[in-house]
Every structure is written in C-alpha cells, then in structure tokens.
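Peer 1: Provided herewith: final-v8.cif, mmCIF, C-alpha atoms.
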```cif
data_start
loop_
_atom_site.label_atom_id
_atom_site.label_comp_id
_atom_site.auth_asym_id
_atom_site.auth_seq_id
_atom_site.Cartn_x
_atom_site.Cartn_y
_atom_site.Cartn_z
CA MET A 153 15.35 -6.60 96.85
CA LYS A 154 15.65 -10.40 96.94
CA GLU A 155 13.65 -10.67 93.73
CA PHE A 156 16.54 -8.90 92.01
CA SER A 157 19.33 -11.06 93.46
CA LEU A 158 21.67 -13.08 91.28
CA ASN A 159 19.76 -16.23 92.20
CA SER A 160 16.48 -14.83 90.89
CA PHE A 161 17.89 -14.30 87.38
CA PHE A 162 20.18 -17.28 86.86
CA SER A 163 20.63 -20.92 87.70
CA LEU A 164 23.78 -20.94 89.80
CA ALA A 165 24.57 -24.66 89.46
CA ASP A 166 27.64 -23.98 87.30
CA PHE A 167 28.09 -20.26 87.88
CA MET A 168 31.87 -20.01 87.95
CA PHE A 169 31.81 -16.69 89.79
CA LEU A 170 30.19 -18.08 92.96
CA LYS A 171 33.53 -18.05 94.74
CA LEU A 172 33.46 -14.26 94.41
CA VAL A 173 29.77 -13.71 95.24
CA ASP A 174 26.85 -15.25 97.12
CA LYS A 175 23.21 -15.86 96.24
CA GLU A 176 22.14 -12.47 97.56
CA THR A 177 24.59 -10.59 95.34
CA MET A 178 22.94 -8.21 92.91
CA PRO A 179 23.60 -9.27 89.29
CA TRP A 180 25.25 -6.01 88.24
CA GLN A 181 27.82 -6.43 91.02
CA CYS A 182 29.26 -9.39 89.07
CA LEU A 183 30.26 -6.97 86.34
CA SER A 184 32.37 -4.94 88.75
CA LEU A 185 34.13 -8.18 89.79
CA LEU A 186 35.01 -9.37 86.30
CA LYS A 187 38.42 -7.71 86.12
CA SER A 188 39.52 -9.06 89.50
CA PHE A 189 38.35 -12.52 88.48
CA PHE A 190 40.47 -12.47 85.33
CA ASN A 191 43.45 -10.95 87.10
CA SER A 192 43.49 -13.87 89.54
CA TYR A 193 42.92 -16.55 86.87
CA ASP A 194 46.03 -18.49 85.85
CA GLN A 195 44.83 -21.50 83.84
CA TYR A 196 44.66 -20.06 80.35
CA LYS A 197 45.02 -22.62 77.57
CA ILE A 198 43.81 -23.16 74.01
CA GLU A 199 42.47 -26.68 73.46
CA THR A 200 41.16 -26.46 69.91
CA ASP A 201 42.65 -25.91 66.47
CA LEU A 202 42.36 -22.38 65.09
CA PRO A 203 42.42 -21.24 61.46
CA SER A 204 45.43 -19.10 60.59
CA SER A 205 43.22 -16.06 59.94
CA VAL A 206 41.90 -15.96 63.53
CA TYR A 207 43.55 -13.01 65.28
CA LEU A 208 44.49 -13.43 68.94
CA LYS A 209 45.67 -10.41 70.89
CA ASN A 210 47.37 -11.23 74.20
CA PRO A 211 47.06 -14.98 73.50
CA GLU A 212 48.71 -15.83 76.82
CA THR A 213 45.50 -14.60 78.52
CA ILE A 214 43.04 -16.45 76.29
CA SER A 215 41.39 -19.80 77.01
CA ILE A 216 39.42 -21.68 74.36
CA GLY A 217 37.87 -25.00 75.32
CA LYS A 218 37.58 -28.38 73.68
CA ASN A 219 35.46 -28.85 70.55
CA THR A 220 34.91 -25.10 70.23
CA ILE A 221 34.74 -23.93 66.63
CA VAL A 222 36.40 -20.61 65.85
CA GLU A 223 35.77 -19.61 62.26
CA PRO A 224 38.22 -17.68 60.04
CA GLY A 225 38.27 -13.94 60.57
CA ALA A 226 37.34 -13.88 64.26
CA TYR A 227 39.15 -11.35 66.49
CA ILE A 228 39.71 -12.31 70.15
CA GLU A 229 41.50 -10.11 72.68
CA GLY A 230 42.51 -11.37 76.11
CA PRO A 231 41.90 -11.72 78.89
CA CYS A 232 39.04 -13.92 77.75
CA ILE A 233 37.69 -17.37 78.58
CA ILE A 234 35.69 -19.36 76.03
CA GLY A 235 34.33 -22.71 77.16
CA ASP A 236 33.83 -26.07 75.46
CA ASN A 237 31.55 -26.70 72.46
CA CYS A 238 31.10 -23.01 71.62
CA GLU A 239 30.85 -21.35 68.21
CA ILE A 240 32.77 -18.17 67.48
CA ARG A 241 31.75 -17.30 63.95
CA ASN A 242 33.37 -15.35 61.15
CA GLY A 243 33.73 -11.67 61.93
CA ALA A 244 33.08 -12.02 65.67
CA TYR A 245 34.81 -9.33 67.74
CA ILE A 246 35.57 -10.35 71.34
CA ARG A 247 37.11 -7.67 73.51
CA PRO A 248 38.76 -8.09 76.95
CA PHE A 249 37.10 -9.45 80.09
CA VAL A 250 34.58 -11.73 78.40
CA PHE A 251 33.56 -15.08 79.87
CA VAL A 252 31.77 -17.38 77.40
CA SER A 253 30.33 -20.51 79.02
CA ASN A 254 30.02 -23.94 77.40
CA GLY A 255 27.79 -24.26 74.36
CA SER A 256 27.42 -20.55 73.69
CA VAL A 257 27.46 -18.79 70.30
CA ILE A 258 28.99 -15.45 69.31
CA GLY A 259 28.07 -14.89 65.71
CA HIS A 260 29.00 -12.96 62.61
CA ALA A 261 29.59 -9.23 63.19
CA THR A 262 28.75 -9.56 66.89
CA GLU A 263 30.82 -7.54 69.35
CA VAL A 264 31.12 -8.57 73.00
CA LYS A 265 33.05 -6.73 75.73
CA HIS A 266 33.30 -7.06 79.51
CA SER A 267 30.39 -9.51 79.68
CA ILE A 268 29.32 -12.95 80.86
CA LEU A 269 27.50 -15.50 78.69
CA LEU A 270 26.11 -18.41 80.69
CA PRO A 271 25.74 -21.89 79.11
CA PHE A 272 24.05 -22.02 75.69
CA ALA A 273 23.56 -18.25 75.45
CA LYS A 274 23.46 -17.06 71.85
CA ALA A 275 24.28 -13.71 70.27
CA ALA A 276 24.45 -15.12 66.78
CA HIS A 277 23.92 -12.25 64.31
CA PHE A 278 25.01 -8.59 64.24
CA ALA A 279 24.59 -8.04 68.00
CA TYR A 280 26.35 -5.77 70.49
CA VAL A 281 26.78 -7.09 74.04
CA GLY A 282 28.51 -4.56 76.29
CA ASP A 283 28.87 -4.89 80.08
CA SER A 284 26.03 -7.40 80.19
CA ILE A 285 25.09 -10.85 81.49
CA LEU A 286 23.19 -13.27 79.25
CA GLY A 287 21.61 -16.12 81.18
CA ARG A 288 21.40 -19.79 80.29
CA ASN A 289 19.65 -20.41 76.94
CA VAL A 290 19.16 -16.69 76.28
CA ASN A 291 18.83 -15.94 72.58
CA LEU A 292 19.40 -12.53 71.03
CA GLY A 293 17.81 -12.08 67.61
CA ALA A 294 19.68 -10.44 64.76
CA GLY A 295 20.65 -6.84 65.39
CA VAL A 296 19.98 -6.75 69.15
CA LYS A 297 21.98 -4.05 70.94
CA CYS A 298 22.73 -4.04 74.68
CA ALA A 299 23.57 -0.36 75.08
CA ASN A 300 25.85 0.28 78.04
CA PHE A 301 26.50 4.02 78.30
CA ARG A 302 24.17 6.92 79.08
CA LEU A 303 24.18 9.83 76.66
CA ASP A 304 24.64 12.24 79.58
CA GLU A 305 27.62 10.11 80.74
CA LYS A 306 26.22 9.77 84.28
CA PRO A 307 26.53 6.50 86.29
CA ILE A 308 23.81 3.92 85.73
CA VAL A 309 20.93 4.17 88.21
CA LEU A 310 18.28 1.44 88.40
CA CYS A 311 14.66 1.84 89.41
CA ILE A 312 13.69 -1.08 91.67
CA ASP A 313 10.47 -1.20 93.70
CA GLY A 314 9.96 2.47 92.95
CA LYS A 315 13.33 3.40 94.41
CA LYS A 316 16.45 4.60 92.67
CA VAL A 317 19.34 2.19 93.20
CA PRO A 318 22.83 3.38 92.21
CA THR A 319 25.05 0.77 90.60
CA ASN A 320 28.24 2.86 90.83
CA LEU A 321 28.94 1.70 87.28
CA SER A 322 29.70 4.13 84.49
CA LYS A 323 28.86 1.38 82.01
CA MET A 324 26.19 -1.28 82.38
CA GLY A 325 24.27 -3.00 79.64
CA ALA A 326 21.56 -5.59 80.22
CA ILE A 327 20.94 -8.35 82.75
CA ILE A 328 18.92 -11.02 80.93
CA GLY A 329 17.56 -13.95 82.94
CA ASP A 330 17.68 -17.61 81.92
CA ASN A 331 15.56 -18.81 78.96
CA THR A 332 14.65 -15.31 77.77
CA GLN A 333 14.20 -14.56 74.07
CA ILE A 334 14.88 -11.11 72.56
CA GLY A 335 13.49 -10.37 69.09
CA CYS A 336 15.44 -8.91 66.18
CA ASN A 337 16.57 -5.26 66.16
CA THR A 338 15.55 -4.63 69.76
CA VAL A 339 17.58 -2.12 71.81
CA LEU A 340 18.12 -2.71 75.51
CA ASN A 341 18.92 0.64 77.06
CA PRO A 342 21.60 0.93 79.79
CA GLY A 343 20.59 -0.83 83.00
CA THR A 344 17.77 -2.93 81.54
CA MET A 345 16.97 -6.02 83.63
CA ILE A 346 14.76 -8.81 82.27
CA GLY A 347 13.59 -11.72 84.42
CA LYS A 348 13.75 -15.41 83.58
CA GLY A 349 11.62 -16.95 80.85
CA SER A 350 10.51 -13.71 79.19
CA ILE A 351 9.78 -13.09 75.51
CA CYS A 352 10.47 -9.64 74.06
CA TYR A 353 9.26 -9.07 70.53
CA SER A 354 11.28 -7.44 67.75
CA SER A 355 12.06 -3.76 67.15
CA LEU A 356 11.49 -2.63 70.74
CA SER A 357 13.33 -0.09 72.89
CA LEU A 358 13.47 -1.62 76.38
CA GLN A 359 14.45 -0.08 79.69
CA GLY A 360 13.92 -0.52 83.42
CA THR A 361 13.05 -3.84 85.05
CA ILE A 362 10.85 -6.45 83.40
CA PRO A 363 9.47 -9.24 85.63
CA ALA A 364 10.09 -12.92 84.97
CA ASN A 365 7.84 -14.74 82.48
CA SER A 366 6.74 -11.53 80.78
CA ILE A 367 5.69 -11.08 77.17
CA VAL A 368 6.69 -7.65 75.87
CA LYS A 369 5.46 -6.30 72.54
CA SER A 370 4.50 -3.02 70.96
CA GLN A 371 0.88 -2.01 70.35
CA THR A 372 1.77 -0.33 67.05
CA ARG A 373 -0.42 -1.65 64.22
CA LEU A 374 0.60 -1.98 60.60
CA LEU A 375 -1.83 -0.23 58.23
CA ILE A 376 -2.01 -1.48 54.65
CA ARG A 377 -4.41 -0.01 52.10
CA GLN A 378 -4.77 0.17 48.36
CA LYS A 379 -3.56 3.21 46.46
CA ARG A 380 -6.29 5.38 44.99
CA LYS A 381 -6.90 5.00 41.29
CA THR A 382 -6.52 8.19 39.24
CA ALA A 383 -8.93 9.21 36.50
CA CYS A 384 -6.03 9.81 34.14
CA SER A 385 -3.52 7.20 33.15
CA CYS A 386 -0.80 9.85 33.40
CA LEU A 387 0.92 10.52 36.72
CA ASN A 388 1.53 14.12 37.70
CA PHE A 389 4.61 14.86 39.81
#
```
Let me see the structure of the file written as structure tokens.

Peer 2:
Amino acid sequence: MKEFSLNSFFSLADFMFLKLVDKETMPWQCLSLLKSFFNSYDQYKIETDLPSSVYLKNPETISIGKNTIVEPGAYIEGPCIIGDNCEIRNGAYIRPFVFVSNGSVIGHATEVKHSILLPFAKAAHFAYVGDSILGRNVNLGAGVKCANFRLDEKPIVLCIDGKKVPTNLSKMGAIIGDNTQIGCNTVLNPGTMIGKGSICYSSLSLQGTIPANSIVKSQTRLLIRQKRKTACSCLNF
C-alpha cells in the first residue's frame, strides 16, 4: 500500500510529526499519534497580540506564532499549536489537539478538532474539519464538511486496492493531499482519502479513495425552460 503512505499524500520537508512516524506510515496513523505528540510538547507560547474578546481555554497549552492574526470572537481551546503568519478569523472554533502550520487560515464559523493543517492550508468559510489532515495549499470552499463519525458508530474501515483496511479509529475525517481544491458545500464522508493535486467540484458527497491529480464532478445537468403561457390572464390555484 505504498501509494497510500504518508509520503504519497504530503511533502514531508517540514512535517513536524516525522519524529513520531516514518515515510511508510499510513496517514491516518498520524491522527492516533496526535494526543501523544501534544502530551510530550512543552514549548507553548503566545507570540502575537490578541484582542480582548478572543477566548482561550487552557491557555498554558496554547501556542500562537509570530505575525498570526487572531480576530475578535475566536474561541481556542488547548492543547493547540498555531504557527506563524496564520489567520484565525472571527467566530473560528478551535478545539483540542489541533496543529495549524505556518500560513494557514481558519475562517469565520469554521470548527476544527483533532486535526492537522499543513502549511498554507485554508478552511476559510463555514467549514467543519474533524479528525482530518489537510495538506499543503489545500483549500476548502465555503461550507465543506469533513464528517468523522459513522452513523452506525462502527470503527472506520477503508477500502484500498479492493481490500478492507481497518483503521482502529472510531473517528476519522478526511485525508486530503497537497494542492487539492474542494468546492463549496461538498461533504467528505468518514475515511475519505484524496490524492495530491486533485480538484473536487462543489456540492458533492465524496467517499473512498480518490487518486492523485483527479478531477471529480457530478454528471447532474441543470434544466432550465420557459413556463407555459396560459390562455387566460387569471391564474387558477
């Protein structure tokens, strides 16, 4: 399953978790290591000015880097690491065990929990990112949801090369490779994996594994036609 290794989805040049994993690690295994990473981290510090209306819960376990802008009304709960030159916009909701790399954006009414955003990843408008990894330069359009929990409450099982692969995770959202674009109002069902450089159009329901450099869109066509004219000027209801 080398084509589904961590290295096949992400550039690892500045992947901070390499000390916990190797290049053959499966991406979803990083999610199970997040808590141990944060529990061993001891360099929390806030290096930017925050508006008084920003709410920090467990501030002793929150890092916010230089030149990062945190707008009024953001809610951040530690443990959490936010890198340099990020934007955390008004109404953002950041829950524990989130790692936000340099240059990333978490936007208005976006909720993120137990996830990794690699450099310049953007979830800028009304998104939900749960138990997911967004690669370098990934962009989520407005209203994108990374669903992380099966309705039958069973552990997440992936289908790779025609074989079922258990993740041993009760919650897993999406693994989205570098430079992938997700259109507005698309839902990524639990365990969705999308390879590098893909484009997924808006208003889709995605699942399974999508190869790198794919274009994904619906075949549904929009039908527009003129209303029929009635013989009478009166309308009957």

Peer 1: Of the candidates A:Pro271, A:Pro224, A:Pro342, A:Gly325, which shows the shortest atom-to-atom distance to Asn237 of chain A, using only C-alpha atoms?

Peer 2: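 Nearest candidate to Asn237 of chain A out of A:Pro271, A:Pro224, A:Pro342, A:Gly325: A:Pro271.
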
Peer 1: Take the PyMOL selection byres ((chain A and resi 209) around 8), run it mentally on this structure, and tell me the resulting residues as a list in words.

Peer 2: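 Here the PyMOL selection byres ((chain A and resi 209) around 8) matches Tyr207, Leu208, Asn210, Pro211, Tyr227, Ile228, Glu229 and Gly230 of chain A.
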
Peer 1: Evaluate the PyMOL selection byres ((chain A and resi 213) around 10) and record the selected residues as a list in words, following the chain and residue labels used in the document.

Peer 2: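 Applied to this file, the PyMOL selection byres ((chain A and resi 213) around 10) returns Phe190, Asn191, Tyr193, Asp194, Gln195, Tyr196, Lys197, Ile198, Leu208, Lys209, Asn210, Pro211, Glu212, Ile214, Ser215, Glu229, Gly230, Pro231, Cys232, Ile233, Pro248 and Phe249 of chain A.
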
Peer 1: What's the 8 Å shell around Asn289 of chain A, counting only C-alpha atoms, without same-chain residues fewer than 6 positions away, as an MDAnalysis selection string?

Peer 2: chainID A and resid 270:274 330:332

Peer 1: So that I can check the surroundings of Val368 of chain A, please list as a list in words every protein, DNA and RNA residue that reaches within 8 Å of it, counting all atoms listed in the file and ignoring chain neighbours fewer than 6 positions away.

Peer 2: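 Answer for this query is Ser350, Ile351, Cys352 and Tyr353 of chain A.
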
Peer 1: Counting all atoms listed in the file, find the residues whose atoms lie at most 9 Å from (43.7, -17.8, 63.3) (file coordinates) and write them out as a ChimeraX atom specification.

Peer 2: /A:201-208,222-227

Peer 1: What residues come out when you apply the PyMOL selection byres ((chain A and resi 340) around 7) to this file, written as a compact mmCIF listing (two decimals) with C-alpha atoms, in the coordinates of the input?

Peer 2:
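Result written to result06.txt:
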```txt
# COMPACT_ATOMS: atom_id res chain seq x y z
CA LYS A 297 21.98 -4.05 70.94
CA CYS A 298 22.73 -4.04 74.68
CA ALA A 299 23.57 -0.36 75.08
CA ALA A 326 21.56 -5.59 80.22
CA THR A 338 15.55 -4.63 69.76
CA VAL A 339 17.58 -2.12 71.81
CA ASN A 341 18.92 0.64 77.06
CA PRO A 342 21.60 0.93 79.79
CA THR A 344 17.77 -2.93 81.54
CA SER A 357 13.33 -0.09 72.89
CA LEU A 358 13.47 -1.62 76.38
CA GLN A 359 14.45 -0.08 79.69
```

Peer 1: What is the atom CA of Leu269 of chain A-atom CA of Val317 of chain A distance in Å, reported with one decimal?

Peer 2: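 Taking atom CA of Leu269 of chain A and atom CA of Val317 of chain A, their separation equals 24.3 Å.
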
Peer 1: In Å, how far is it from atom CA of Ile346 of chain A to atom CA of Asn242 of chain A?

Peer 2: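 Atom CA of Asn242 of chain A lies 28.9 Å from atom CA of Ile346 of chain A.
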
Peer 1: Show me, as a PyMOL selection string, the residues that have an atom within 12 Å of Thr262 of chain A when counting all atoms listed in the file, minus same-chain residues fewer than 5 positions from it.

Peer 2: chain A and resi 226-228+240-247+257+274-282+292-298

Peer 1: Tell me which of A:Gly343, A:Gly335, A:Gly329, A:Gly287 sits closest to Lys316 of chain A, counting all atoms listed in the file.

Peer 2: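 The closest residue to Lys316 of chain A is A:Gly343.
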
Peer 1: Counting all atoms listed in the file, which residue out of A:Thr361, A:Thr177, A:Ser322, A:Ser184 sits closest to His266 of chain A?

Peer 2: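 Between A:Thr361, A:Thr177, A:Ser322, A:Ser184, the residue approaching His266 of chain A most closely is A:Ser184.
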
Peer 1: What is the distance between atom CA of Ser163 of chain A and atom CA of Trp180 of chain A, in Å to one decimal?

Peer 2: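 One can read the atom CA of Ser163 of chain A to atom CA of Trp180 of chain A distance as 15.6 Å.
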
Peer 1: Ranking A:Leu375, A:Ile308, A:Leu286, A:Leu185 by minimum distance to Phe161 of chain A and counting only C-alpha atoms, which one comes first?

Peer 2: A:Leu286

Peer 1: Counting only C-alpha atoms, which residue out of A:Glu239, A:Gly347, A:Leu183, A:Pro318 sits closest to His260 of chain A?

Peer 2: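 So, comparing all the options, the nearest one is A:Glu239.
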
Peer 1: Using all atoms listed in the file, which residue out of A:Ile234, A:Thr372, A:Ser157, A:Ser253 lies closest to Leu356 of chain A?

Peer 2: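 Of the candidates, the smallest distance to Leu356 of chain A is held by A:Thr372.
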
Peer 1: Starting from 3 Å padding per side, set up an axis-aligned box that covers all listed atoms of segment 160-166 of chain A and hand over centre and edge lengths in Å, one decimal, as lines of an AutoDock Vina configuration file.

Peer 2:
```
center_x = 22.1
center_y = -19.5
center_z = 88.9
size_x = 17.2
size_y = 16.4
size_z = 10.0
```
